[in-house]
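Accompanying notes for the structure given below.
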Amino acid sequence: MDDGTSPATTEPEPSAGTQPRFSASPLRRAATIYDVAKVARVSHQTVSRFLKGYQGIRPETRDRVERALRELDYRPNLTARSLATSRSHRIGALTHEIEQVGPGKILQGASRGAREAGYLLDIVSFDPLNESDIQRALRIADSSDLAGIIAFASTDGVIEAFSGAGFSVPWFIAGEDDDSIGEHEVTRNGQGVRMLVDHLADLGHVRLLQIAGPEAWISARNRRLAFDVATVARGLREVATRFGDWSPESGYRAALDLPLDQGATALVVANDQMALGAMRALTERGLSIPRDMSVVGFDDIPEAPYFQPPLTTVSLDFDLQGRLSFLQILELIEGPTAQASKLPYQFSPQLVVRASTAPPLR
């Protein structure tokens, strides 16, 4: 999982020759980059890149962001930055589902980055499916003596709640870009799935099955979109798709429901934990892995080399993602820091080939 970044709600691109119609409602508080993103119909990451002077933004997108900034009279919250830096070295971290490998390791990376910068990370966890629990977490964070708030958000509902919170200190949503918008380079989740599909295609697989993650998660949607794009690009056929919730149990149940009589020879699973459950289900259904069905996962969890057989997967540097997320809020509090120059902002997923994949017998 990537975690690892997520957009505001968007609408289709305006047709040629027309001007986008902004529909901003009057704001009682100072506008944030999330307000700008909503009005300009782009992701908040795009607004952040624009404000940092990134040149790789499409002209029409740049124009919409500029107009939204003017319309909302956006100003950086310098007062909040000043107050925060003079009173606290604690940063609130709002997070959910830290029992999942990706979110947990990203949070660990952010915590290490905070310690190295002389800050403490106060963790407030919540149930992303419980609106009252989300609001409770927001109240706790905003009532504490904090220098800033970083919100780790993986789902649409959580991002919506955070982006409208209006915190009194600098804050940042650490989420994933939505690859379906197409206003940025493909995310690491998308890149990783394409690596997996290319690996299977190079082995000779033509008909593929898929177990996707929960659609409310942006990373799951990006992985599914990448699967669709990659199979078309390589001339492969998607035989069937089932959905899970990231857990081994959901992967097991999904694999029990997959059609095995339509010639599929490989299964692409959206994370390693679901792949573990899926491999058990396939074995119970009489298949040998990889002789009858190759299986690939995603995340390269510590247990992946010890699956039976060891799992082919994609490795992401979750620790680095967490550190980079922390640096985003640190820059809002202190401005550009020396720490930022020490970490690579561009890093790629790595394909890890193990014994769960092989050329098909038929």
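Here's how to read the names in the structure tokens: chain A, B, ... by the order shown, residue numbers from 1 in each chain, ligand numbers from 1 in the order shown.
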* To do: Please provide the set of residues having any atom within 9 Å of A:Ser356, restricted to only C-alpha atoms, with same-chain residues fewer than 2 positions apart removed, written as a VMD selection string.
  => chain A and resid 289 to 291 293 to 296 307 to 312 353 to 354 358
* Would you kindly return, as a ChimeraX atom specification, each protein, DNA or RNA residue with an atom no farther than 7 Å from any atom of stretch 59-71 of chain A, considering only C-alpha atoms and excluding same-chain residues fewer than 2 positions away? => /A:36,39-40,47,57,73-74
Between stretch 92-123 of chain A and stretch 259-283 of chain A, at 10 Å or less, what are the per-residue closest atom pairs and their distances in Å? Count only C-alpha atoms, order by chain and rising residue number, and return it as CSV.
residue,atom,partner,partner_atom,distance
A:Gln100,CA,A:Gln273,CA,9.1
A:Val101,CA,A:Gln273,CA,8.9
A:Gly102,CA,A:Asn271,CA,9.7
* Sel. of strand (DSSP E or B) residues, stretch 73-275 of chain A, as an MDAnalysis selection string -> chainID A and resid 90:96 120:126 148:152 155 171:174 207:212 217 237:243 266:269
* **Å distance separating atom CA of A:Ala220 from atom CA of A:Asp133, one decimal place** => 23.2 Å
* Any idea what's packed within 8 Å of A:Ser163, counting only C-alpha atoms, ignoring anything in its chain fewer than 3 positions away? Could you give it as a ChimeraX atom specification? -> /A:34-35,159-160,166,173
Based on the selection just made, write C-alpha atoms of those residues as a compact mmCIF listing (two decimals), in the first residue's frame.
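Here's the written file again_13.txt:
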# COMPACT_ATOMS: atom_id res chain seq x y z
CA TYR A 34 -8.38 22.29 0.19
CA ASP A 35 -10.91 25.04 -0.46
CA ILE A 159 -10.44 13.28 3.47
CA GLU A 160 -13.73 15.16 3.21
CA GLY A 166 -10.55 24.37 9.70
CA ILE A 173 -3.51 15.80 4.77
* Would you kindly return, as a ChimeraX atom specification, each protein, DNA or RNA residue with an atom no farther than 12 Å from any atom of A:Ser219, considering only C-alpha atoms and excluding same-chain residues fewer than 4 positions away? => /A:1-7,102-103,153-156,175-180,186-193,212-215,223-226,246,270-271,298-299
* Every residue of stretch 94-322 of chain A that DSSP places in helix (DSSP H, G or I), as a PyMOL selection string -> chain A and resi 101-116+131-142+156-163+188-203+218-233+248-256+272-284+304-306+318-322
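Between A:Ser315 and the candidates A:Gln108, A:Ser348, A:Thr357, A:Gln328, the tightest atom-to-atom separation, counting only C-alpha atoms, involves A:Ser348.
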* Exercise: stretch 195-207 of chain A partners within 6 Å, only C-alpha atoms, chain neighbours under 5 positions left out, as a ChimeraX atom specification -> /A:236-237,264,359
Output C-alpha atoms for every residue in the selection just made, as a PDB file, in the first residue's frame.
ATOM      1  CA  LEU A 236      -4.388  -9.544 -21.766  1.00  0.00           C
ATOM      2  CA  ARG A 237      -7.886 -10.474 -20.649  1.00  0.00           C
ATOM      3  CA  ALA A 264      -7.270 -17.993 -16.062  1.00  0.00           C
ATOM      4  CA  PRO A 359       5.026 -19.669 -16.828  1.00  0.00           C
TER       5      PRO A 359
END
* Would you please work out which residue, of A:Ile211, A:Ile218, A:Ala37, A:Ala230, is nearest to A:Ser247 when using only C-alpha atoms? => A:Ile211
